[in-house]
Amino acid sequence: MTDTVTAAPARGILDQDWRKILNYGLLLALAEVFIALANMPVALDDFVLIEPILSLGYMSLLWLPLILGFSIGSEKVLEGITVHAKGLREVVAGACVGLIGGASLSLLTVLIDNFNLRDPLVNWSPQLLDLLGFDQGVGFGVGIWLAIGGGLGLLGGAMHLITPVARRVVATMALAVVFVAVLESILSDLSEDLFLEWLVDWVYFIRGGVTLHGSVAVALLAGAYALWGSRAVKGAKASYQALEGIERKQANKIGLAGVALLTILMPLVLGKITNELLANVGLFLLLALGLNIVIGLAGILDLGYVAFFAVGGYTTAILTSPNRGDSWPDWLPQLWWVVALMVVVVLAGLTGLFIGAPVIRMRGDYLAIVTLGFGEIIRLLFLSDWLGGYTGGAQGVTNVPGVQVFGLATVRGTDPRAVFYLVAFFCAIAIYISWRLEKSRIGRAWMAVREDESVAEAMGINTVNVKLLAFVVGAVLASFSGAIFAAKVGSVFPSSFIILVSIVILIVVIVGGMGNIFGVIAGSAVLIGVLGGPRQPGLLQEFSEFKLLIYGALLVWMMLKRPEGLIPNVRRTRELHQDEFLQDAWLKGQIDEGDEGGDGGEVAPA
Amino acid sequence: MTTAMKAKAAPRTGVDWFLLFIKSVMFFFIITGIILFTLQQIDPGNPIASRLNDDATGLTADQFEGLVIAGLSQGAMYGLIALGYSMVYGVLGFINFAHGEVFMVGAMTGMITSNKLNDAGAWENNFLASMLFVVLLSIVVSTLTAVIMERVAYRPLRGSPRLIPLITSIGVSFFIQNVSVVLLGPGAKSYPVLPDWLAKKRDIWFISIEGTRLLVMCVAAVSMVGLWYLVERTKTGKAMRAVAEDKEIASLMGINVNRIIVTTFAVGGAMAGVAGILWGIMFRSVTHTTGFLPGIKAFSAAVVGGIGNLNGAMAGGLSLGSAEAVAPLVILEPWGVSGVSQLRDAVAFSVLILVLLVKPTGLFGERLSSEDRT
Amino acid sequence: MSGERLLTINNLSVTFGGLHALRDLDFHVDEGEIVSVIGPNGAGKTTFFNMISGMVTPTAGEIIFQDQSLVGLDPNQVTARGIARTFQNVRLFANMTILENVMVAQHCRTKQGLWGALFQTSGFKREEQEIREWGEKVLGFFGTRLVGYRLDQPASTLSYANRRRLEIARAMATKPTILLLDEPVAGMNPIESEELTGLIGKLRSEWGFTIVMIEHDMGVVRDVSDRVVVLDHGETIAQGSYEEVSTNPDVIEAYLGRPAEEAS
């Protein structure tokens, strides 16, 4: 990829870094045993990926040896490094790693057969033993896991032998099959209104899972795409980027219209469950967009963000429900949702100011904990007997009516499609706000504060006001989400507004990509849509036991390996990888040191 | 440095006025609450106090003593956990949000071992020996958890922007909690019954105290003395203080900075493990969320006492523990707030906010290297 | 060349925990002057700048700028009154583009808020246009280095000397009356610093800024200063023209007994 990297011939098979192999192997062993004892294989066994050969349960044990078998052989290519050609050495290393991982499962099989540790480890069960032994007995299990582990590791290592293009094709094929299997419910839902049921019946097995011929077809299609289709997409992207001025604006408009049209039309052909799912994604997207302004643009780590969601939800419920607490005076009217929303916006903004003012001058990390404290205080107040006369305490506020749209219709939780449109409308507003603000005087001030607060202050920015404004804008967006949530669910309880919600939104923003609207959208779709929200089921309902575990692991992994998120903001990437970036640039001689030497001789330009 | 000087200047902006207003209201609320409480104690039916809260009966001396003891023993536990937060903050300058989870791991390990010992009959027959075993094993497991955490999640991030390790530690915390859920199940699990001679109430001088609470305070005191000895009197402790002051210069002086950081995590983890066992014998019940609230409160205790300051951490724990036990009844109840015990946690967080507003460096002053102060 | 009195500082003192960083300092700047503040390391020069720009509040004394006191103002208010600074250890907004760096510096000179940005009012568009034009103009002061394709590159891609230049441009963008330059040529090679010396002269003659500058490079000090103030241990030990100061025995002693000419 660059000229500072030196190529070298492949090393011998036994010229291995055995310590690294052992480390990878033990890591794999630990992970495999953990996955087994976390009950993933058993709990996910009913979710069939490819009928009749592969379930998601077995898949949970099989993917890791493959990945680690590959990654033991891969090196990070940095400037100035000598890179050896790949060969059988990598295959052997992969096989060794896989073998250690497989051995751990064999050992686990034997252990489960002989000891009973069910007391602390709840999943130390006969079902797990049966699954590990493929219902063929312990001896078979021991042997087969060694073989599977070694084989998959070998396969992973062998990926180094093929060209990068071929590797991409293989990976796309495998991912596509998994993807199609996971999306089964959405795709079959879609097919009903598009008269494509015959196709779905052919691809999917009747009780779930992709059929063998279906998976072959999907894999072939995906492979073809990876070979030829992706080039066409790249070409289109390049020609879009080549556009300038008005042409580019027109292209943007066409794209925007397309997305809008899709958003309007898609729910019409989708069923209830899928629409419900989309509505949930939208609610969290709205929260994430708000948090993105606070943390992504202004750099304030607010862990009590759920407080504003709660204020939005409770205010709406109290103002619209006939069933609110008894202590309210009689003159407090029962408002329409839209009217209540005005009050909600004002109250959320005030709450933002109230919470923001004390914390805004604190160190960033203290601020995080104190906002978390505020989030908890607000929930405890809603829960308390003290304010129970107003908020209903643990019973919450129920009978929240839906959203009356100018007396024409009422949007309620029973009609997820309508809720989705409502949420989409507010998400569009939030996206517009984020987009416009980022490219404005205020957005620039936020970024300056994020970069270096004291310099921003010295350059004439009133940092306190600017940060408070970020807090308030974030609070208002969260309160929109709360207001819709109350109308959708028809009730609010303190238990809907736990700290967990804050943390899940934080994970969505960070995994998606801080400071990037597309990243936040992708993060919400992938995490909330596929895995599910704190209480809301996602596409993979079978995953509900594990989703929080996966969230936590994902957050750590992201921070360590890809702190810029799935779809990064270019600036943040630089900030987070500055050292590497500078080193690379230096080695390439790109940094304009040379240029200085060049114009050093010139007289100062007049 | 600059913030301290700014605080002295007269309020200028709207935000300053607003904060002054909040502070005044909070102080008014607290002081009036205490005065009302005193009036109530003198005469429960007195006209001012009973207007605000006509059910008020005041507290008996025994009740008050019970509250204070409960608060102090709870606070001693917060103090033990707070030491870990404080030490890590002092050395690395970030909040290890997952430290509460180390405490939970200690409590869980204690639960598993003590139940196993109970099944084997050792818990009843040979309580002291089995208790010692349980404590040692908990310390080992918590220490390992803390050290692995540092190695896997925090070491690669050293030197990155300040909030990055904090966010990572939130992920670690979330992960450990849910590892506990998937491996051990989500429900609450209980410790075996304690022998009667330990649990019964005792009269010492003029106070009567439950044996378990007495044990908690003794263990906390012993751990504190041990830690003090380690930090102030040993070579390792000197190295720790050097690393806290300036990592670069410490390493130039021949100190292995990585090893000292690991030691810091290990010592903090061990303290959290001890606290976990104490939690177990005091409340006899643990769940995966056991570490979350005590963890945050312990961090608050560390801040209240002055972060980086070990004596401050213990003192902060004791103050926070007694404040959250006593304040609801002494300050909130006289104001006519009902169901005050539900607001304990809210009181704890309010203490944190108040301390940060009034004296951001904590009651006993923070001890941080200059780079961590900004 | 000097006009009316712009900045007057009387009896300025600051102590950090018993240590006198500055003691009873008197200082003044007239309109159109270029004043250099010199002194050995630790003399309190940067603290002096920090105090004028509001980052440190003095323990005693007064700072009067255009007949109004600056003591107790926040840094952003000081900048809004018309005093902008650069930093000794260049502190740019490294991940913002070069143009954004100078655009954001005009924050206190502009006023469009949420409303304008959300509804793209004509006032907002006009102001954005003005911000941009002024930003490009101040960048253009340094020739072609900071404009053109560079405008949209992050500041972190710049070389050291260009970062220093951008920092000056950023301070200029705040439309100040007085520019405080903290070691503007530190780390530059002789050719670069000679060029910058010329530019500092232009900052006054073409742009009308009054300049207070901390500098170690005596060549630069000699070439541009109308007046030189020498600080040592937080006190003024001499002031006057470069020639007067450089022959002052106290100054020579402060610089470890070496004549100031040789120290350069």
# chains A, B, ... in the order shown; residues from 1 in each chain; ligands from 1
$ interface_residues --of "chain B" --to "chain A" --cutoff "6 Å" --atoms "only C-alpha atoms" --output "MDAnalysis selection string"
chainID B and resid 168 171 174:175 178 182:184 337:339 346 349
$ select_by_dssp --residues "region 222-417 of chain A" --states "alpha helix (DSSP H)" --output "number ranges by chain"
A: 222-224, 230-242, 245-269, 272-291, 306-320, 337-359, 364-383, 388-391, 416-417
$ interface_residues --of "chain C" --to "chain B" --cutoff "12 Å" --atoms "only C-alpha atoms" --output "JSON, numbers by chain"
{"C": [14, 15, 16, 17, 47, 50, 51, 54, 55, 56, 57, 58, 59, 71, 72, 73, 74, 75, 77]}
$ write_last_selection --atoms "N, CA and C atoms" --output "PDB file, in the first residue's frame"
ATOM      1  N   VAL C  14       0.380  38.704  42.090  1.00  0.00           N
ATOM      2  CA  VAL C  14      -0.333  37.443  42.250  1.00  0.00           C
ATOM      3  C   VAL C  14       0.557  36.493  43.021  1.00  0.00           C
ATOM      4  N   THR C  15      -0.061  35.757  43.934  1.00  0.00           N
ATOM      5  CA  THR C  15       0.695  34.760  44.684  1.00  0.00           C
ATOM      6  C   THR C  15       0.050  33.399  44.491  1.00  0.00           C
ATOM      7  N   PHE C  16       0.883  32.391  44.323  1.00  0.00           N
ATOM      8  CA  PHE C  16       0.401  31.010  44.279  1.00  0.00           C
ATOM      9  C   PHE C  16       0.882  30.330  45.542  1.00  0.00           C
ATOM     10  N   GLY C  17       0.012  30.171  46.515  1.00  0.00           N
ATOM     11  CA  GLY C  17       0.385  29.486  47.750  1.00  0.00           C
ATOM     12  C   GLY C  17       1.648  30.057  48.366  1.00  0.00           C
ATOM     13  N   THR C  47       2.632  34.228  33.241  1.00  0.00           N
ATOM     14  CA  THR C  47       1.629  34.555  34.253  1.00  0.00           C
ATOM     15  C   THR C  47       1.067  35.957  34.004  1.00  0.00           C
ATOM     16  N   ASN C  50      -1.340  35.619  31.294  1.00  0.00           N
ATOM     17  CA  ASN C  50      -2.531  34.929  31.800  1.00  0.00           C
ATOM     18  C   ASN C  50      -3.410  35.883  32.580  1.00  0.00           C
ATOM     19  N   MET C  51      -2.759  36.824  33.281  1.00  0.00           N
ATOM     20  CA  MET C  51      -3.537  37.734  34.093  1.00  0.00           C
ATOM     21  C   MET C  51      -4.260  38.771  33.242  1.00  0.00           C
ATOM     22  N   GLY C  54      -7.225  37.219  31.614  1.00  0.00           N
ATOM     23  CA  GLY C  54      -8.306  36.764  32.493  1.00  0.00           C
ATOM     24  C   GLY C  54      -8.234  35.314  32.898  1.00  0.00           C
ATOM     25  N   MET C  55      -7.174  34.604  32.525  1.00  0.00           N
ATOM     26  CA  MET C  55      -7.098  33.192  32.895  1.00  0.00           C
ATOM     27  C   MET C  55      -6.651  33.029  34.343  1.00  0.00           C
ATOM     28  N   VAL C  56      -5.981  34.043  34.884  1.00  0.00           N
ATOM     29  CA  VAL C  56      -5.618  34.032  36.300  1.00  0.00           C
ATOM     30  C   VAL C  56      -6.094  35.357  36.882  1.00  0.00           C
ATOM     31  N   THR C  57      -6.724  35.294  38.044  1.00  0.00           N
ATOM     32  CA  THR C  57      -7.187  36.531  38.671  1.00  0.00           C
ATOM     33  C   THR C  57      -6.096  37.054  39.593  1.00  0.00           C
ATOM     34  N   PRO C  58      -5.704  38.332  39.455  1.00  0.00           N
ATOM     35  CA  PRO C  58      -4.636  38.848  40.304  1.00  0.00           C
ATOM     36  C   PRO C  58      -5.052  38.936  41.773  1.00  0.00           C
ATOM     37  N   THR C  59      -4.080  38.818  42.672  1.00  0.00           N
ATOM     38  CA  THR C  59      -4.362  38.943  44.097  1.00  0.00           C
ATOM     39  C   THR C  59      -4.553  40.412  44.455  1.00  0.00           C
ATOM     40  N   VAL C  71     -10.025  43.442  35.760  1.00  0.00           N
ATOM     41  CA  VAL C  71      -9.853  42.487  36.852  1.00  0.00           C
ATOM     42  C   VAL C  71     -11.178  41.791  37.136  1.00  0.00           C
ATOM     43  N   GLY C  72     -11.122  40.457  37.211  1.00  0.00           N
ATOM     44  CA  GLY C  72     -12.326  39.693  37.531  1.00  0.00           C
ATOM     45  C   GLY C  72     -13.148  39.304  36.323  1.00  0.00           C
ATOM     46  N   LEU C  73     -12.762  39.778  35.136  1.00  0.00           N
ATOM     47  CA  LEU C  73     -13.500  39.358  33.947  1.00  0.00           C
ATOM     48  C   LEU C  73     -13.059  37.952  33.543  1.00  0.00           C
ATOM     49  N   ASP C  74     -13.976  37.215  32.894  1.00  0.00           N
ATOM     50  CA  ASP C  74     -13.612  35.912  32.361  1.00  0.00           C
ATOM     51  C   ASP C  74     -12.800  36.108  31.090  1.00  0.00           C
ATOM     52  N   PRO C  75     -11.986  35.111  30.712  1.00  0.00           N
ATOM     53  CA  PRO C  75     -11.177  35.267  29.504  1.00  0.00           C
ATOM     54  C   PRO C  75     -12.004  35.668  28.285  1.00  0.00           C
ATOM     55  N   GLN C  77     -14.639  37.428  28.160  1.00  0.00           N
ATOM     56  CA  GLN C  77     -15.027  38.833  28.214  1.00  0.00           C
ATOM     57  C   GLN C  77     -13.856  39.737  27.854  1.00  0.00           C
TER      58      GLN C  77
END
$ residues_around --residues "Gly362 (chain B)" --least-positions-apart "6" --cutoff "7 Å" --atoms "only C-alpha atoms" --output "tab-separated table (two decimals) with N, CA and C atoms, in the first residue's frame"
chain	number	residue	atom	x	y	z
B	303	VAL	N	-14.88	11.41	46.53
B	303	VAL	CA	-14.87	12.82	46.15
B	303	VAL	C	-15.15	13.70	47.35
B	304	VAL	N	-16.10	13.27	48.18
B	304	VAL	CA	-16.45	14.05	49.36
B	304	VAL	C	-15.24	14.20	50.26
B	305	GLY	N	-14.47	13.12	50.42
B	305	GLY	CA	-13.29	13.19	51.28
B	305	GLY	C	-12.11	13.89	50.61
B	306	GLY	N	-12.15	14.00	49.29
B	306	GLY	CA	-11.00	14.57	48.57
B	306	GLY	C	-10.32	13.46	47.81
B	355	VAL	N	-21.29	18.96	47.98
B	355	VAL	CA	-19.85	19.07	48.25
B	355	VAL	C	-19.11	19.61	47.02
$ closest_residue --among "A:Val77, A:Val473, A:Val509, A:Ile528" --to "chain C" --atoms "only C-alpha atoms"
A:Val473
$ select_by_dssp --residues "region 190-232 of chain C" --states "strand (DSSP E or B)" --output "mmCIF file with C-alpha atoms, in the first residue's frame"
data_model
loop_
_atom_site.group_PDB
_atom_site.id
_atom_site.type_symbol
_atom_site.label_atom_id
_atom_site.label_comp_id
_atom_site.auth_asym_id
_atom_site.auth_seq_id
_atom_site.Cartn_x
_atom_site.Cartn_y
_atom_site.Cartn_z
ATOM 1 C CA THR C 210 -1.036 47.227 19.204
ATOM 2 C CA ILE C 211 1.288 44.398 20.177
ATOM 3 C CA VAL C 212 2.646 43.071 23.441
ATOM 4 C CA MET C 213 5.046 40.220 22.881
ATOM 5 C CA ILE C 214 6.992 37.837 25.064
ATOM 6 C CA ARG C 227 9.995 49.524 24.143
ATOM 7 C CA VAL C 228 11.298 46.587 26.162
ATOM 8 C CA VAL C 229 10.199 45.593 29.652
ATOM 9 C CA VAL C 230 12.385 43.226 31.636
ATOM 10 C CA LEU C 231 10.888 40.993 34.310
ATOM 11 C CA ASP C 232 12.794 38.996 36.869
#
$ atom_distance --atom1 "CA of Leu44 (chain A)" --atom2 "CA of Leu270 (chain A)"
25.8 Å
$ decode --residues "region 111-135 of chain C" --atoms "C-alpha atoms" --output "PDB file, in the first residue's frame"
ATOM      1  CA  LYS C 111     -24.438  36.866  17.332  1.00  0.00           C
ATOM      2  CA  GLN C 112     -26.484  34.396  15.278  1.00  0.00           C
ATOM      3  CA  GLY C 113     -28.009  31.774  17.531  1.00  0.00           C
ATOM      4  CA  LEU C 114     -30.219  28.697  17.263  1.00  0.00           C
ATOM      5  CA  TRP C 115     -32.953  30.492  15.399  1.00  0.00           C
ATOM      6  CA  GLY C 116     -30.785  31.712  12.567  1.00  0.00           C
ATOM      7  CA  ALA C 117     -29.076  28.360  12.130  1.00  0.00           C
ATOM      8  CA  LEU C 118     -32.295  26.337  12.177  1.00  0.00           C
ATOM      9  CA  PHE C 119     -34.267  28.569   9.823  1.00  0.00           C
ATOM     10  CA  GLN C 120     -31.324  29.676   7.705  1.00  0.00           C
ATOM     11  CA  THR C 121     -32.386  33.283   7.939  1.00  0.00           C
ATOM     12  CA  SER C 122     -30.856  35.794   5.588  1.00  0.00           C
ATOM     13  CA  GLY C 123     -29.071  37.349   8.570  1.00  0.00           C
ATOM     14  CA  PHE C 124     -27.497  33.995   9.368  1.00  0.00           C
ATOM     15  CA  LYS C 125     -26.324  33.440   5.813  1.00  0.00           C
ATOM     16  CA  ARG C 126     -24.898  36.942   5.589  1.00  0.00           C
ATOM     17  CA  GLU C 127     -23.066  36.543   8.871  1.00  0.00           C
ATOM     18  CA  GLU C 128     -21.632  33.155   7.870  1.00  0.00           C
ATOM     19  CA  GLN C 129     -20.407  34.752   4.672  1.00  0.00           C
ATOM     20  CA  GLU C 130     -18.773  37.582   6.606  1.00  0.00           C
ATOM     21  CA  ILE C 131     -17.154  35.198   9.069  1.00  0.00           C
ATOM     22  CA  ARG C 132     -15.751  33.203   6.202  1.00  0.00           C
ATOM     23  CA  GLU C 133     -14.440  36.199   4.330  1.00  0.00           C
ATOM     24  CA  TRP C 134     -12.764  37.678   7.388  1.00  0.00           C
ATOM     25  CA  GLY C 135     -11.287  34.273   8.206  1.00  0.00           C
TER      26      GLY C 135
END
